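File shown: protein25.pdb. Contents: PDB, C-alpha atoms.
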ATOM      1  CA  MET A 842       6.934 -19.972  -4.574
ATOM      2  CA  ARG A 843      10.323 -21.602  -5.102
ATOM      3  CA  ALA A 844      11.865 -18.156  -5.555
ATOM      4  CA  MET A 845      10.810 -17.297  -2.000
ATOM      5  CA  SER A 846      12.856 -20.180  -0.588
ATOM      6  CA  LYS A 847      16.066 -18.165  -0.961
ATOM      7  CA  LEU A 848      14.596 -15.693   1.562
ATOM      8  CA  THR A 849      14.326 -18.282   4.352
ATOM      9  CA  GLY A 850      16.285 -17.857   7.570
ATOM     10  CA  LEU A 851      16.773 -15.110  10.125
ATOM     11  CA  TRP A 852      16.584 -11.557   8.744
ATOM     12  CA  LYS A 853      16.678  -7.982  10.012
ATOM     13  CA  ALA A 854      13.609  -5.920   9.196
ATOM     14  CA  GLU A 855      13.072  -2.189   9.453
ATOM     15  CA  PHE A 856       9.508  -1.137  10.183
ATOM     16  CA  ILE A 857       8.771   2.448   9.115
ATOM     17  CA  MET A 858       5.340   3.916   9.834
ATOM     18  CA  TRP A 859       3.783   7.326   9.363
ATOM     19  CA  MET A 860       0.956   7.997  11.807
ATOM     20  CA  ASP A 861       0.634  11.546  10.451
ATOM     21  CA  PRO A 862       1.971  12.403   6.984
ATOM     22  CA  ALA A 863       3.015  15.838   8.265
ATOM     23  CA  GLN A 864       5.297  14.260  10.897
ATOM     24  CA  PRO A 865       8.505  12.234  10.568
ATOM     25  CA  PRO A 866       8.036   8.451  10.500
ATOM     26  CA  MET A 867       8.493   6.095  13.424
ATOM     27  CA  ARG A 868      11.252   3.520  12.849
ATOM     28  CA  ASP A 869      11.561   0.162  14.574
ATOM     29  CA  GLN A 870      14.071  -2.627  14.061
ATOM     30  CA  LEU A 871      12.570  -6.110  14.025
ATOM     31  CA  THR A 872      13.826  -9.640  13.508
ATOM     32  CA  ALA A 873      12.093 -11.863  10.961
ATOM     33  CA  HIS A 874      12.266 -15.652  10.967
ATOM     34  CA  ARG A 875      11.171 -16.813   7.518
ATOM     35  CA  GLU A 876      10.450 -20.320   6.325
ATOM     36  CA  MET A 877       8.651 -22.332   3.686
ATOM     37  CA  ILE A 878       5.837 -24.497   5.094
ATOM     38  CA  ARG A 879       3.266 -27.041   3.904
ATOM     39  CA  ASN A 880       5.414 -28.759   1.266
ATOM     40  CA  GLY A 881       6.679 -25.421  -0.030
ATOM     41  CA  LEU A 882       3.210 -24.070  -0.786
ATOM     42  CA  PHE A 883       3.457 -21.174   1.692
ATOM     43  CA  PHE A 884       6.111 -18.770   2.902
ATOM     44  CA  THR A 885       5.799 -17.432   6.454
ATOM     45  CA  SER A 886       7.551 -14.528   8.146
ATOM     46  CA  HIS A 887       7.405 -14.265  11.947
ATOM     47  CA  TYR A 888       8.409 -10.769  13.099
ATOM     48  CA  THR A 889       9.489  -9.971  16.662
ATOM     49  CA  GLY A 890      10.902  -6.924  18.401
ATOM     50  CA  GLN A 891       9.786  -3.597  19.814
ATOM     51  CA  SER A 892       7.277  -1.330  18.071
ATOM     52  CA  MET A 893       5.938   1.897  19.517
ATOM     53  CA  GLY A 894       7.704   1.009  22.773
ATOM     54  CA  MET A 895       5.896  -2.329  23.188
ATOM     55  CA  ASN A 896       6.737  -5.964  22.526
ATOM     56  CA  TYR A 897       5.649  -6.775  19.006
ATOM     57  CA  GLU A 898       4.899  -9.994  17.140
ATOM     58  CA  GLY A 899       3.529 -10.282  13.629
ATOM     59  CA  LEU A 900       2.988 -13.201  11.276
ATOM     60  CA  SER A 901       2.570 -13.049   7.526
ATOM     61  CA  THR A 902       1.754 -15.922   5.218
ATOM     62  CA  LEU A 903       2.244 -15.747   1.470
ATOM     63  CA  GLY A 904       1.164 -18.351  -1.034
ATOM     64  CA  TYR A 905       0.102 -18.832  -4.629
ATOM     65  CA  SER A 906      -3.462 -20.033  -5.159
ATOM     66  CA  ILE A 907      -3.499 -22.394  -8.120
ATOM     67  CA  GLU A 908      -7.301 -22.169  -8.113
ATOM     68  CA  LYS A 909      -7.421 -18.355  -8.265
ATOM     69  CA  LYS A 910      -4.157 -17.956 -10.200
ATOM     70  CA  LYS A 911      -3.198 -15.206  -7.757
ATOM     71  CA  TYR A 912      -0.876 -14.695  -4.840
ATOM     72  CA  VAL A 913      -2.634 -14.660  -1.475
ATOM     73  CA  SER A 914      -1.401 -13.047   1.715
ATOM     74  CA  SER A 915      -2.555 -12.833   5.319
ATOM     75  CA  TRP A 916      -1.291 -10.834   8.299
ATOM     76  CA  ILE A 917      -1.895 -11.029  12.051
ATOM     77  CA  ASP A 918      -0.123  -9.310  14.925
ATOM     78  CA  ASN A 919      -0.442  -8.781  18.656
ATOM     79  CA  MET A 920      -1.607  -5.158  18.356
ATOM     80  CA  ASN A 921      -4.842  -5.950  16.499
ATOM     81  CA  SER A 922      -7.355  -8.771  16.768
ATOM     82  CA  GLY A 923      -8.265  -8.823  13.071
ATOM     83  CA  ILE A 924      -6.817 -10.775  10.155
ATOM     84  CA  SER A 925      -5.842  -8.926   6.976
ATOM     85  CA  TYR A 926      -6.332 -10.838   3.734
ATOM     86  CA  MET A 927      -5.157  -9.750   0.311
ATOM     87  CA  GLU A 928      -4.773 -11.122  -3.203
ATOM     88  CA  GLY A 929      -2.318  -9.993  -5.834
ATOM     89  CA  LYS A 930      -0.699 -10.520  -9.209
ATOM     90  CA  MET A 931       2.982 -10.585 -10.135
ATOM     91  CA  SER A 932       4.223  -7.908 -12.524
ATOM     92  CA  ASN A 933       5.409  -9.017 -15.982
ATOM     93  CA  ASP A 934       9.052  -8.445 -15.000
ATOM     94  CA  GLY A 935       8.669 -10.632 -11.870
ATOM     95  CA  LYS A 936       9.897  -7.903  -9.521
ATOM     96  CA  THR A 937       6.646  -6.744  -7.911
ATOM     97  CA  ILE A 938       3.429  -8.184  -6.527
ATOM     98  CA  VAL A 939       0.589  -5.717  -5.969
ATOM     99  CA  PHE A 940      -1.906  -6.943  -3.374
ATOM    100  CA  VAL A 941      -5.373  -5.546  -2.668
ATOM    101  CA  GLY A 942      -7.704  -6.489   0.161
ATOM    102  CA  THR A 943      -9.311  -5.275   3.353
ATOM    103  CA  LYS A 944      -8.263  -4.606   6.908
ATOM    104  CA  THR A 945     -10.438  -3.762   9.881
ATOM    105  CA  ASP A 946      -9.560  -0.323  11.214
ATOM    106  CA  ALA A 947      -8.584  -0.738  14.884
ATOM    107  CA  ILE A 948     -10.220   2.551  15.902
ATOM    108  CA  THR A 949     -13.484   2.530  13.938
ATOM    109  CA  GLY A 950     -14.053  -1.227  13.581
ATOM    110  CA  ILE A 951     -14.892  -0.666   9.912
ATOM    111  CA  ASP A 952     -13.345  -2.683   7.086
ATOM    112  CA  MET A 953     -11.253  -0.488   4.846
ATOM    113  CA  PRO A 954      -9.442  -1.127   1.583
ATOM    114  CA  VAL A 955      -5.700  -1.718   1.728
ATOM    115  CA  ARG A 956      -3.058  -2.097  -0.920
ATOM    116  CA  GLN A 957       0.408  -3.569  -0.525
ATOM    117  CA  VAL A 958       3.263  -3.463  -2.979
ATOM    118  CA  LEU A 959       5.921  -6.148  -2.492
ATOM    119  CA  THR A 960       9.084  -5.338  -4.451
ATOM    120  CA  PHE A 961      11.989  -7.748  -4.866
ATOM    121  CA  ILE A 962      14.975  -5.389  -5.020
ATOM    122  CA  ASP A 963      17.751  -8.011  -5.015
ATOM    123  CA  ASP A 964      18.527 -11.399  -3.449
ATOM    124  CA  THR A 965      18.824  -9.920   0.045
ATOM    125  CA  THR A 966      16.411  -6.983  -0.055
ATOM    126  CA  ARG A 967      12.698  -6.697  -0.459
ATOM    127  CA  ARG A 968      10.394  -3.795   0.339
ATOM    128  CA  LEU A 969       6.772  -4.041   1.402
ATOM    129  CA  LYS A 970       4.716  -0.871   1.284
ATOM    130  CA  SER A 971       1.321  -0.983   2.961
ATOM    131  CA  LEU A 972      -0.998   1.740   1.815
ATOM    132  CA  LYS A 973      -4.373   2.628   3.186
ATOM    133  CA  PRO A 974      -6.531   5.684   2.626
ATOM    134  CA  LEU A 975      -6.445   8.509   5.130
ATOM    135  CA  MET A 976      -9.847   8.853   6.622
ATOM    136  CA  GLU A 977     -11.543  10.715   9.404
ATOM    137  CA  ARG A 978     -11.789   8.233  12.234
ATOM    138  CA  LYS A 979     -14.852   7.997  14.398
ATOM    139  CA  ARG A 980     -15.337   5.146  16.817
ATOM    140  CA  LYS A 981     -17.951   2.611  15.900
ATOM    141  CA  THR A 982     -20.525   2.410  18.675
TER     142      THR A 982
END

Serialized structure, structure tokens:
Amino acid sequence: MRAMSKLTGLWKAEFIMWMDPAQPPMRDQLTAHREMIRNGLFFTSHYTGQSMGMNYEGLSTLGYSIEKKKYVSSWIDNMNSGISYMEGKMSNDGKTIVFVGTKTDAITGIDMPVRQVLTFIDDTTRRLKSLKPLMERKRKT
């Protein structure tokens, strides 16, 4: 987790989201305040800005579980009431962590698998891709 400490501070973040793969993506500019917490065991990123024309706040927490020997990650934001939880392993070259977990679909209320790929591009750039399967959505009743 020490390597994450160089990412602390105030950062610009670009949020790119495809609601429909046949359409161009939506792009939002956010601000991220990042810090190490709990004696350096966890790295948090607090995102603020506008997304889809609304005020947006999101909070991610990243840590390394000594017990599980895996990275662990959680995500909450003000557009959903659920908590996403994922676990992942670092690649051999130390440039990528691939996380897998579940997220509750906001429309159906059903837990669905998610995968995130966190890539450390250089000292000032990282990319997080969140991937989830496309599925026909029907509201849970």

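Each of A:Met953, A:Ile907, A:Ile917, A:Leu882 was checked against A:Leu972 using all atoms listed in the file; the smallest atom-to-atom distance is that of A:Met953.
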
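Distances to A:Phe940 were evaluated for A:Tyr888, A:Phe961, A:Trp852, A:Tyr926 using all atoms listed in the file, and the minimum falls at A:Tyr926.
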
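Between A:Gly881 and the residues A:Arg956, A:Arg868, A:Lys910, A:Lys847, the shortest atom-to-atom distance, using only C-alpha atoms, involves A:Lys847.
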
So what do you get for atom CA of A:Ser915 versus atom CA of A:Lys970, distance-wise?
14.6 Å

Please expand the PyMOL selection byres ((chain A and resi 906) around 12) into the concrete residues it hits in this file, giving the result as JSON, numbers by chain.
{"A": [842, 882, 883, 903, 904, 905, 907, 908, 909, 910, 911, 912, 913, 914, 927, 928, 929, 930]}

Could you check how far atom CA of A:Thr849 sits from atom CA of A:Gln891, in Å to one decimal?
21.8 Å

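Among A:Leu871, A:Met931, A:Met845, A:Ile962, the residue with the shortest atom-to-atom distance to A:Thr889, counting all atoms listed in the file, is A:Leu871.
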
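Atom pair atom CA of A:Ile924 / atom CA of A:Phe856: separated by 19.0 Å.
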
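Closest to A:Ser901 among A:Ala873, A:Val941, A:Met920, A:Leu848 is A:Ala873, based on all atoms listed in the file.
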
Residues within 10 Å of stretch 858-867 of chain A, please, as JSON, numbers by chain. Count only C-alpha atoms; anything in the same chain fewer than 6 positions from it doesn't count.
{"A": [892, 893, 970, 971, 975]}

Selected by the PyMOL selection byres ((chain A and resi 945) around 9) in the shown coordinates: which residues, as an MDAnalysis selection string?
chainID A and resid 921 923:925 943:944 946:954

Taking all atoms of stretch 899-902 of chain A that the file lists, what box with edges along x, y and z, padded by 4 Å per side, do you get, with centre and edge lengths in Å to one decimal, as JSON?
{"center_x": 2.6, "center_y": -13.1, "center_z": 9.4, "size_x": 9.8, "size_y": 13.6, "size_z": 16.4}

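Distance check against A:Glu876 using all atoms listed in the file: of A:Leu900, A:Val939, A:Leu969, A:Leu959, the minimum falls on A:Leu900.
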